[in-house]
Amino acid sequence: MSGIIRTYKRDDEGVLHFREAWYDDEDQQFVVNHGVVGHQSKTDETGVEDESSVEGLMAAFAAQCEEDGYAEIPESEQFWVVAQIALKTKDGTERDRHLERKAKAALTGELAWRGLGIVDRSEIGNGHLNIFCLCPDVNKAVNAIKICVRGEDLDFTKLTIAAAPHSEPDAFRVKHSPKQGAGFTL
(Lines give C-alpha, C1' and ligand atoms only; values in the text may rest on other atoms or scores of the structure.)
Protein backbone atom coordinates (compact mmCIF):
# COMPACT_ATOMS: atom_id res chain seq x y z
CA MET A 1 0.00 0.00 0.00
CA SER A 2 1.32 3.43 -0.82
CA GLY A 3 -0.02 6.91 -0.48
CA ILE A 4 0.17 9.76 1.90
CA ILE A 5 -2.41 12.01 3.44
CA ARG A 6 -1.02 15.55 3.89
CA THR A 7 -3.16 18.21 5.59
CA TYR A 8 -2.70 21.79 6.81
CA LYS A 9 -4.36 24.23 9.18
CA ARG A 10 -3.75 27.84 10.19
CA ASP A 11 -4.02 28.56 13.91
CA ASP A 12 -5.51 31.71 15.46
CA GLU A 13 -2.19 33.57 14.97
CA GLY A 14 -2.04 32.61 11.27
CA VAL A 15 0.74 30.03 11.74
CA LEU A 16 0.50 27.14 9.30
CA HIS A 17 0.62 23.63 10.84
CA PHE A 18 0.69 20.29 9.07
CA ARG A 19 -0.17 16.66 9.69
CA GLU A 20 0.59 13.79 7.39
CA ALA A 21 0.34 10.02 7.57
CA TRP A 22 1.48 7.05 5.53
CA TYR A 23 2.11 3.35 5.84
CA ASP A 24 5.75 2.22 5.77
CA ASP A 25 5.64 -1.21 4.07
CA GLU A 26 9.22 -2.04 4.90
CA ASP A 27 8.99 -1.45 8.66
CA GLN A 28 5.27 -2.32 8.88
CA GLN A 29 4.49 0.93 10.65
CA PHE A 30 1.77 3.53 10.42
CA VAL A 31 3.62 6.86 10.54
CA VAL A 32 2.18 10.22 11.57
CA ASN A 33 4.35 13.28 11.01
CA HIS A 34 3.23 16.69 12.32
CA GLY A 35 4.38 20.14 13.31
CA VAL A 36 4.65 23.79 12.35
CA VAL A 37 5.41 24.33 8.65
CA GLY A 38 9.06 25.26 8.23
CA HIS A 39 10.24 23.58 11.43
CA GLN A 40 11.50 20.06 12.05
CA SER A 41 8.46 17.86 12.58
CA LYS A 42 7.63 15.29 15.22
CA THR A 43 7.00 11.72 14.12
CA ASP A 44 4.94 9.01 15.78
CA GLU A 45 5.17 5.43 14.55
CA THR A 46 2.82 2.58 15.37
CA GLY A 47 3.55 -1.02 14.50
CA VAL A 48 0.90 -2.65 12.31
CA GLU A 49 0.49 -6.39 12.67
CA ASP A 50 -2.07 -6.79 9.89
CA GLU A 51 -1.81 -4.75 6.67
CA SER A 52 -5.58 -5.01 6.23
CA SER A 53 -5.99 -2.53 9.10
CA VAL A 54 -3.99 0.18 7.28
CA GLU A 55 -6.96 1.51 5.32
CA GLY A 56 -8.90 1.88 8.56
CA LEU A 57 -5.99 3.74 10.17
CA MET A 58 -5.73 6.07 7.18
CA ALA A 59 -9.48 6.72 7.23
CA ALA A 60 -9.40 7.41 10.97
CA PHE A 61 -6.46 9.78 10.50
CA ALA A 62 -8.28 11.65 7.71
CA ALA A 63 -11.44 11.90 9.83
CA GLN A 64 -9.49 13.23 12.83
CA CYS A 65 -7.74 15.82 10.65
CA GLU A 66 -11.06 17.00 9.27
CA GLU A 67 -12.57 17.18 12.76
CA ASP A 68 -9.58 19.26 13.92
CA GLY A 69 -9.87 21.66 10.97
CA TYR A 70 -7.01 20.32 8.87
CA ALA A 71 -7.47 19.98 5.11
CA GLU A 72 -5.40 19.26 2.03
CA ILE A 73 -4.20 22.33 0.17
CA PRO A 74 -5.08 21.89 -3.51
CA GLU A 75 -2.13 22.10 -5.90
CA SER A 76 -3.82 25.10 -7.51
CA GLU A 77 -3.36 27.03 -4.25
CA GLN A 78 0.31 26.11 -3.84
CA PHE A 79 3.45 27.47 -5.48
CA TRP A 80 6.17 26.23 -7.78
CA VAL A 81 9.54 26.90 -6.21
CA VAL A 82 12.47 26.10 -8.49
CA ALA A 83 15.97 25.58 -7.16
CA GLN A 84 18.25 26.24 -10.13
CA ILE A 85 21.95 25.41 -10.06
CA ALA A 86 24.17 26.69 -12.87
CA LEU A 87 26.20 23.96 -14.60
CA LYS A 88 29.45 24.13 -16.55
CA THR A 89 28.00 22.49 -19.66
CA LYS A 90 24.77 23.04 -21.58
CA ASP A 91 23.42 19.48 -21.42
CA GLY A 92 25.12 18.25 -18.25
CA THR A 93 27.70 15.57 -17.56
CA GLU A 94 27.62 12.40 -15.48
CA ARG A 95 28.92 14.54 -12.60
CA ASP A 96 25.91 16.84 -13.08
CA ARG A 97 23.55 13.83 -13.02
CA HIS A 98 25.14 12.81 -9.71
CA LEU A 99 24.54 16.36 -8.45
CA GLU A 100 20.91 16.08 -9.60
CA ARG A 101 20.36 12.83 -7.66
CA LYS A 102 22.08 14.19 -4.55
CA ALA A 103 20.19 17.51 -4.66
CA LYS A 104 16.80 15.87 -5.22
CA ALA A 105 17.33 13.48 -2.31
CA ALA A 106 18.51 16.25 0.02
CA LEU A 107 15.68 18.63 -0.91
CA THR A 108 13.07 15.88 -0.67
CA GLY A 109 14.03 15.23 2.95
CA GLU A 110 14.47 18.90 3.86
CA LEU A 111 11.04 19.88 2.58
CA ALA A 112 9.14 16.78 3.70
CA TRP A 113 10.23 16.76 7.34
CA ARG A 114 9.21 20.44 7.63
CA GLY A 115 5.81 20.26 5.91
CA LEU A 116 7.12 22.43 3.09
CA GLY A 117 5.98 20.33 0.17
CA ILE A 118 7.43 17.90 -2.31
CA VAL A 119 10.09 17.66 -4.98
CA ASP A 120 7.97 17.17 -8.09
CA ARG A 121 10.64 16.70 -10.74
CA SER A 122 14.04 17.80 -12.00
CA GLU A 123 15.60 18.46 -15.37
CA ILE A 124 18.99 19.30 -16.80
CA GLY A 125 19.24 21.57 -19.80
CA ASN A 126 20.28 24.96 -21.06
CA GLY A 127 23.23 24.98 -18.66
CA HIS A 128 21.10 24.52 -15.54
CA LEU A 129 19.84 21.88 -13.15
CA ASN A 130 16.23 22.80 -12.28
CA ILE A 131 14.51 21.13 -9.33
CA PHE A 132 10.77 21.84 -9.24
CA CYS A 133 9.18 21.82 -5.79
CA LEU A 134 5.48 22.19 -5.03
CA CYS A 135 5.18 24.17 -1.78
CA PRO A 136 2.46 25.73 0.39
CA ASP A 137 4.71 28.54 1.76
CA VAL A 138 7.19 30.22 -0.61
CA ASN A 139 9.31 32.14 1.89
CA LYS A 140 9.82 29.22 4.25
CA ALA A 141 10.56 26.90 1.32
CA VAL A 142 13.16 29.32 -0.06
CA ASN A 143 14.88 29.51 3.34
CA ALA A 144 14.85 25.72 3.70
CA ILE A 145 16.30 25.24 0.20
CA LYS A 146 19.12 27.70 0.92
CA ILE A 147 19.95 25.94 4.20
CA CYS A 148 19.84 22.54 2.53
CA VAL A 149 22.05 23.52 -0.42
CA ARG A 150 24.64 25.01 1.94
CA GLY A 151 24.50 22.04 4.30
CA GLU A 152 24.90 19.48 1.52
CA ASP A 153 27.76 21.36 -0.20
CA LEU A 154 25.78 21.70 -3.44
CA ASP A 155 27.55 24.92 -4.53
CA PHE A 156 25.49 27.67 -2.98
CA THR A 157 27.28 30.25 -5.13
CA LYS A 158 25.53 28.88 -8.25
CA LEU A 159 22.05 28.66 -6.72
CA THR A 160 19.12 30.74 -7.94
CA ILE A 161 15.63 30.22 -6.51
CA ALA A 162 12.45 31.45 -8.16
CA ALA A 163 8.77 30.98 -7.36
CA ALA A 164 5.45 31.22 -9.18
CA PRO A 165 1.84 30.43 -8.31
CA HIS A 166 0.91 26.92 -9.43
CA SER A 167 -1.66 28.38 -11.80
CA GLU A 168 0.94 30.73 -13.40
CA PRO A 169 3.96 28.52 -14.18
CA ASP A 170 5.41 31.19 -16.49
CA ALA A 171 5.34 33.96 -13.87
CA PHE A 172 8.51 33.08 -11.95
CA ARG A 173 10.02 35.76 -9.74
CA VAL A 174 13.54 35.49 -8.36
CA LYS A 175 13.62 34.93 -4.59
CA HIS A 176 17.36 34.31 -4.27
CA SER A 177 20.24 34.85 -6.67
CA PRO A 178 24.02 35.04 -6.40
CA LYS A 179 23.84 38.12 -8.66
CA GLN A 180 21.77 41.21 -7.85
CA GLY A 181 19.12 42.03 -10.43
CA ALA A 182 19.53 38.73 -12.29
CA GLY A 183 16.57 37.41 -14.22
CA PHE A 184 15.28 33.85 -14.25
CA THR A 185 14.78 31.51 -17.18
CA LEU A 186 14.18 27.79 -17.18
# chains A, B, ... in the order shown; residues from 1 in each chain; ligands from 1

$ select_by_dssp --residues "segment 43-184 of chain A" --states "strand (DSSP E or B)" --output "ChimeraX atom specification"
/A:43-47,71,79-86,118-125,128-135,159-165,173-176

$ residues_around --residues "segment 159-169 of chain A" --least-positions-apart "5" --cutoff "6 Å" --atoms "only C-alpha atoms" --output "ChimeraX atom specification"
/A:76,78-85,174-177

$ write_last_selection --atoms "all heavy atoms" --output "mmCIF file, in the first residue's frame"
data_model
loop_
_atom_site.group_PDB
_atom_site.id
_atom_site.type_symbol
_atom_site.label_atom_id
_atom_site.label_comp_id
_atom_site.auth_asym_id
_atom_site.auth_seq_id
_atom_site.Cartn_x
_atom_site.Cartn_y
_atom_site.Cartn_z
ATOM 1 N N SER A 76 -3.547 23.801 -6.904
ATOM 2 C CA SER A 76 -3.824 25.103 -7.514
ATOM 3 C C SER A 76 -3.611 26.268 -6.551
ATOM 4 O O SER A 76 -3.462 27.412 -6.983
ATOM 5 C CB SER A 76 -5.253 25.135 -8.061
ATOM 6 O OG SER A 76 -6.180 24.954 -7.005
ATOM 7 N N GLN A 78 -1.079 26.169 -4.268
ATOM 8 C CA GLN A 78 0.313 26.105 -3.837
ATOM 9 C C GLN A 78 1.198 26.843 -4.844
ATOM 10 O O GLN A 78 0.710 27.494 -5.761
ATOM 11 C CB GLN A 78 0.737 24.642 -3.674
ATOM 12 C CG GLN A 78 -0.040 23.955 -2.550
ATOM 13 C CD GLN A 78 0.507 22.594 -2.241
ATOM 14 O OE1 GLN A 78 1.705 22.434 -2.008
ATOM 15 N NE2 GLN A 78 -0.373 21.592 -2.234
ATOM 16 N N PHE A 79 2.498 26.731 -4.659
ATOM 17 C CA PHE A 79 3.455 27.473 -5.475
ATOM 18 C C PHE A 79 4.527 26.547 -6.030
ATOM 19 O O PHE A 79 4.937 25.604 -5.371
ATOM 20 C CB PHE A 79 4.156 28.556 -4.634
ATOM 21 C CG PHE A 79 3.193 29.551 -4.062
ATOM 22 C CD1 PHE A 79 2.579 29.316 -2.844
ATOM 23 C CD2 PHE A 79 2.896 30.714 -4.751
ATOM 24 C CE1 PHE A 79 1.670 30.221 -2.316
ATOM 25 C CE2 PHE A 79 1.993 31.626 -4.233
ATOM 26 C CZ PHE A 79 1.379 31.375 -3.012
ATOM 27 N N TRP A 80 4.986 26.869 -7.238
ATOM 28 C CA TRP A 80 6.167 26.228 -7.784
ATOM 29 C C TRP A 80 7.365 26.997 -7.253
ATOM 30 O O TRP A 80 7.422 28.220 -7.384
ATOM 31 C CB TRP A 80 6.179 26.282 -9.311
ATOM 32 C CG TRP A 80 5.190 25.367 -9.947
ATOM 33 C CD1 TRP A 80 4.102 25.721 -10.685
ATOM 34 C CD2 TRP A 80 5.196 23.945 -9.899
ATOM 35 N NE1 TRP A 80 3.429 24.592 -11.094
ATOM 36 C CE2 TRP A 80 4.078 23.484 -10.621
ATOM 37 C CE3 TRP A 80 6.027 22.995 -9.313
ATOM 38 C CZ2 TRP A 80 3.782 22.140 -10.782
ATOM 39 C CZ3 TRP A 80 5.729 21.655 -9.458
ATOM 40 C CH2 TRP A 80 4.624 21.240 -10.191
ATOM 41 N N VAL A 81 8.280 26.306 -6.633
ATOM 42 C CA VAL A 81 9.538 26.897 -6.205
ATOM 43 C C VAL A 81 10.624 26.093 -6.914
ATOM 44 O O VAL A 81 10.691 24.867 -6.767
ATOM 45 C CB VAL A 81 9.714 26.833 -4.668
ATOM 46 C CG1 VAL A 81 11.055 27.418 -4.270
ATOM 47 C CG2 VAL A 81 8.571 27.577 -3.973
ATOM 48 N N VAL A 82 11.437 26.782 -7.717
ATOM 49 C CA VAL A 82 12.467 26.097 -8.487
ATOM 50 C C VAL A 82 13.837 26.460 -7.936
ATOM 51 O O VAL A 82 14.200 27.641 -7.865
ATOM 52 C CB VAL A 82 12.392 26.462 -9.984
ATOM 53 C CG1 VAL A 82 13.535 25.819 -10.760
ATOM 54 C CG2 VAL A 82 11.055 26.033 -10.559
ATOM 55 N N ALA A 83 14.571 25.417 -7.547
ATOM 56 C CA ALA A 83 15.970 25.583 -7.165
ATOM 57 C C ALA A 83 16.777 25.329 -8.429
ATOM 58 O O ALA A 83 16.719 24.239 -9.008
ATOM 59 C CB ALA A 83 16.350 24.584 -6.079
ATOM 60 N N GLN A 84 17.495 26.340 -8.882
ATOM 61 C CA GLN A 84 18.249 26.238 -10.130
ATOM 62 C C GLN A 84 19.735 26.376 -9.821
ATOM 63 O O GLN A 84 20.156 27.343 -9.190
ATOM 64 C CB GLN A 84 17.820 27.347 -11.097
ATOM 65 C CG GLN A 84 18.470 27.267 -12.451
ATOM 66 C CD GLN A 84 17.959 28.357 -13.365
ATOM 67 O OE1 GLN A 84 18.402 29.505 -13.262
ATOM 68 N NE2 GLN A 84 17.028 28.015 -14.243
ATOM 69 N N ILE A 85 20.502 25.388 -10.276
ATOM 70 C CA ILE A 85 21.947 25.408 -10.065
ATOM 71 C C ILE A 85 22.610 25.491 -11.436
ATOM 72 O O ILE A 85 22.358 24.657 -12.311
ATOM 73 C CB ILE A 85 22.418 24.160 -9.293
ATOM 74 C CG1 ILE A 85 21.737 24.116 -7.911
ATOM 75 C CG2 ILE A 85 23.942 24.161 -9.146
ATOM 76 C CD1 ILE A 85 21.994 22.864 -7.112
ATOM 77 N N VAL A 174 12.332 35.894 -9.077
ATOM 78 C CA VAL A 174 13.536 35.490 -8.358
ATOM 79 C C VAL A 174 13.371 35.787 -6.868
ATOM 80 O O VAL A 174 12.983 36.895 -6.481
ATOM 81 C CB VAL A 174 14.781 36.208 -8.916
ATOM 82 C CG1 VAL A 174 16.009 35.893 -8.080
ATOM 83 C CG2 VAL A 174 15.002 35.814 -10.368
ATOM 84 N N LYS A 175 13.678 34.784 -6.049
ATOM 85 C CA LYS A 175 13.621 34.933 -4.589
ATOM 86 C C LYS A 175 15.016 34.915 -3.972
ATOM 87 O O LYS A 175 15.205 35.365 -2.853
ATOM 88 C CB LYS A 175 12.776 33.809 -3.974
ATOM 89 C CG LYS A 175 11.326 33.819 -4.412
ATOM 90 C CD LYS A 175 10.635 35.059 -3.914
ATOM 91 C CE LYS A 175 9.167 35.073 -4.260
ATOM 92 N NZ LYS A 175 8.481 36.236 -3.741
ATOM 93 N N HIS A 176 15.962 34.338 -4.713
ATOM 94 C CA HIS A 176 17.362 34.314 -4.270
ATOM 95 C C HIS A 176 18.237 34.166 -5.506
ATOM 96 O O HIS A 176 17.935 33.379 -6.401
ATOM 97 C CB HIS A 176 17.633 33.132 -3.328
ATOM 98 C CG HIS A 176 19.102 32.894 -3.125
ATOM 99 N ND1 HIS A 176 19.854 33.630 -2.256
ATOM 100 C CD2 HIS A 176 19.965 32.028 -3.727
ATOM 101 C CE1 HIS A 176 21.111 33.218 -2.310
ATOM 102 N NE2 HIS A 176 21.195 32.246 -3.207
ATOM 103 N N SER A 177 19.307 34.943 -5.555
ATOM 104 C CA SER A 177 20.237 34.847 -6.675
ATOM 105 C C SER A 177 21.622 35.256 -6.210
ATOM 106 O O SER A 177 21.757 36.157 -5.365
ATOM 107 C CB SER A 177 19.784 35.773 -7.810
ATOM 108 O OG SER A 177 20.732 35.740 -8.851
#

$ closest_residue --among "A:Leu107, A:Val15, A:Val31, A:Ala60" --to "Gly47 of chain A" --atoms "only C-alpha atoms"
A:Val31

$ select_by_dssp --residues "segment 1-144 of chain A" --states "helix (DSSP H, G or I)" --output "NGL selection string"
:A and (51-67 or 75-77 or 94-112 or 138-144)

$ residues_around --residues "segment 115-126 of chain A" --least-positions-apart "6" --cutoff "10 Å" --atoms "only C-alpha atoms" --output "MDAnalysis selection string"
chainID A and resid 6:8 16:20 33:41 78:87 89:93 96:97 100:101 103:109 132:138 140:142 144 185:186

$ closest_residue --among "A:Ile131, A:Ile5, A:Ala182, A:Val48" --to "Glu66 of chain A" --atoms "only C-alpha atoms"
A:Ile5

$ atom_distance --atom1 "atom CA of Leu129 of chain A" --atom2 "atom CA of Gly181 of chain A"
20.3 Å

$ closest_residue --among "A:Val32, A:Gly69, A:Asp155, A:Tyr23" --to "Asp50 of chain A" --atoms "only C-alpha atoms"
A:Tyr23

$ decode --residues "segment 75-113 of chain A" --atoms "N, CA and C atoms" --output "mmCIF file, in the first residue's frame"
data_model
loop_
_atom_site.group_PDB
_atom_site.id
_atom_site.type_symbol
_atom_site.label_atom_id
_atom_site.label_comp_id
_atom_site.auth_asym_id
_atom_site.auth_seq_id
_atom_site.Cartn_x
_atom_site.Cartn_y
_atom_site.Cartn_z
ATOM 1 N N GLU A 75 -3.318 21.656 -5.153
ATOM 2 C CA GLU A 75 -2.133 22.104 -5.900
ATOM 3 C C GLU A 75 -2.335 23.502 -6.463
ATOM 4 N N SER A 76 -3.547 23.801 -6.904
ATOM 5 C CA SER A 76 -3.824 25.103 -7.514
ATOM 6 C C SER A 76 -3.611 26.268 -6.551
ATOM 7 N N GLU A 77 -3.575 25.985 -5.246
ATOM 8 C CA GLU A 77 -3.359 27.032 -4.247
ATOM 9 C C GLU A 77 -1.932 27.034 -3.700
ATOM 10 N N GLN A 78 -1.079 26.169 -4.268
ATOM 11 C CA GLN A 78 0.313 26.105 -3.837
ATOM 12 C C GLN A 78 1.198 26.843 -4.844
ATOM 13 N N PHE A 79 2.498 26.731 -4.659
ATOM 14 C CA PHE A 79 3.455 27.473 -5.475
ATOM 15 C C PHE A 79 4.527 26.547 -6.030
ATOM 16 N N TRP A 80 4.986 26.869 -7.238
ATOM 17 C CA TRP A 80 6.167 26.228 -7.784
ATOM 18 C C TRP A 80 7.365 26.997 -7.253
ATOM 19 N N VAL A 81 8.280 26.306 -6.633
ATOM 20 C CA VAL A 81 9.538 26.897 -6.205
ATOM 21 C C VAL A 81 10.624 26.093 -6.914
ATOM 22 N N VAL A 82 11.437 26.782 -7.717
ATOM 23 C CA VAL A 82 12.467 26.097 -8.487
ATOM 24 C C VAL A 82 13.837 26.460 -7.936
ATOM 25 N N ALA A 83 14.571 25.417 -7.547
ATOM 26 C CA ALA A 83 15.970 25.583 -7.165
ATOM 27 C C ALA A 83 16.777 25.329 -8.429
ATOM 28 N N GLN A 84 17.495 26.340 -8.882
ATOM 29 C CA GLN A 84 18.249 26.238 -10.130
ATOM 30 C C GLN A 84 19.735 26.376 -9.821
ATOM 31 N N ILE A 85 20.502 25.388 -10.276
ATOM 32 C CA ILE A 85 21.947 25.408 -10.065
ATOM 33 C C ILE A 85 22.610 25.491 -11.436
ATOM 34 N N ALA A 86 23.454 26.510 -11.608
ATOM 35 C CA ALA A 86 24.171 26.689 -12.872
ATOM 36 C C ALA A 86 25.190 25.562 -13.037
ATOM 37 N N LEU A 87 25.260 25.031 -14.272
ATOM 38 C CA LEU A 87 26.199 23.962 -14.598
ATOM 39 C C LEU A 87 27.288 24.495 -15.529
ATOM 40 N N LYS A 88 28.344 23.713 -15.686
ATOM 41 C CA LYS A 88 29.453 24.133 -16.551
ATOM 42 C C LYS A 88 29.203 23.819 -18.017
ATOM 43 N N THR A 89 28.295 22.859 -18.276
ATOM 44 C CA THR A 89 28.004 22.493 -19.661
ATOM 45 C C THR A 89 26.516 22.688 -19.937
ATOM 46 N N LYS A 90 26.164 22.793 -21.200
ATOM 47 C CA LYS A 90 24.774 23.043 -21.579
ATOM 48 C C LYS A 90 23.854 21.869 -21.247
ATOM 49 N N ASP A 91 24.278 20.660 -21.591
ATOM 50 C CA ASP A 91 23.418 19.485 -21.423
ATOM 51 C C ASP A 91 23.755 18.630 -20.213
ATOM 52 N N GLY A 92 24.769 18.989 -19.453
ATOM 53 C CA GLY A 92 25.118 18.246 -18.245
ATOM 54 C C GLY A 92 26.029 17.066 -18.517
ATOM 55 N N THR A 93 26.774 16.698 -17.507
ATOM 56 C CA THR A 93 27.704 15.567 -17.561
ATOM 57 C C THR A 93 27.243 14.516 -16.552
ATOM 58 N N GLU A 94 27.949 13.418 -16.482
ATOM 59 C CA GLU A 94 27.615 12.400 -15.477
ATOM 60 C C GLU A 94 27.766 12.991 -14.066
ATOM 61 N N ARG A 95 28.742 13.866 -13.894
ATOM 62 C CA ARG A 95 28.921 14.543 -12.598
ATOM 63 C C ARG A 95 27.675 15.378 -12.264
ATOM 64 N N ASP A 96 27.110 16.042 -13.282
ATOM 65 C CA ASP A 96 25.906 16.839 -13.076
ATOM 66 C C ASP A 96 24.703 15.950 -12.738
ATOM 67 N N ARG A 97 24.647 14.770 -13.329
ATOM 68 C CA ARG A 97 23.553 13.831 -13.020
ATOM 69 C C ARG A 97 23.670 13.337 -11.575
ATOM 70 N N HIS A 98 24.911 13.166 -11.118
ATOM 71 C CA HIS A 98 25.139 12.809 -9.714
ATOM 72 C C HIS A 98 24.667 13.951 -8.808
ATOM 73 N N LEU A 99 24.998 15.183 -9.195
ATOM 74 C CA LEU A 99 24.539 16.359 -8.454
ATOM 75 C C LEU A 99 23.010 16.392 -8.411
ATOM 76 N N GLU A 100 22.375 16.091 -9.530
ATOM 77 C CA GLU A 100 20.914 16.078 -9.599
ATOM 78 C C GLU A 100 20.331 15.069 -8.602
ATOM 79 N N ARG A 101 20.864 13.855 -8.591
ATOM 80 C CA ARG A 101 20.365 12.825 -7.661
ATOM 81 C C ARG A 101 20.576 13.243 -6.201
ATOM 82 N N LYS A 102 21.758 13.772 -5.918
ATOM 83 C CA LYS A 102 22.083 14.195 -4.554
ATOM 84 C C LYS A 102 21.185 15.358 -4.112
ATOM 85 N N ALA A 103 21.006 16.336 -4.992
ATOM 86 C CA ALA A 103 20.191 17.511 -4.658
ATOM 87 C C ALA A 103 18.731 17.127 -4.467
ATOM 88 N N LYS A 104 18.196 16.289 -5.352
ATOM 89 C CA LYS A 104 16.797 15.866 -5.221
ATOM 90 C C LYS A 104 16.573 15.135 -3.899
ATOM 91 N N ALA A 105 17.473 14.232 -3.558
ATOM 92 C CA ALA A 105 17.334 13.477 -2.308
ATOM 93 C C ALA A 105 17.401 14.405 -1.096
ATOM 94 N N ALA A 106 18.353 15.326 -1.113
ATOM 95 C CA ALA A 106 18.506 16.253 0.020
ATOM 96 C C ALA A 106 17.295 17.165 0.155
ATOM 97 N N LEU A 107 16.835 17.723 -0.957
ATOM 98 C CA LEU A 107 15.685 18.633 -0.906
ATOM 99 C C LEU A 107 14.396 17.896 -0.547
ATOM 100 N N THR A 108 14.249 16.676 -1.018
ATOM 101 C CA THR A 108 13.065 15.883 -0.669
ATOM 102 C C THR A 108 12.953 15.757 0.840
ATOM 103 N N GLY A 109 14.039 15.374 1.492
ATOM 104 C CA GLY A 109 14.031 15.233 2.950
ATOM 105 C C GLY A 109 13.848 16.554 3.672
ATOM 106 N N GLU A 110 14.553 17.576 3.215
ATOM 107 C CA GLU A 110 14.474 18.901 3.860
ATOM 108 C C GLU A 110 13.048 19.441 3.838
ATOM 109 N N LEU A 111 12.398 19.349 2.695
ATOM 110 C CA LEU A 111 11.039 19.881 2.576
ATOM 111 C C LEU A 111 10.029 18.998 3.307
ATOM 112 N N ALA A 112 10.139 17.697 3.132
ATOM 113 C CA ALA A 112 9.143 16.776 3.698
ATOM 114 C C ALA A 112 9.080 16.834 5.219
ATOM 115 N N TRP A 113 10.219 16.814 5.876
ATOM 116 C CA TRP A 113 10.225 16.761 7.338
ATOM 117 C C TRP A 113 9.887 18.112 7.965
#
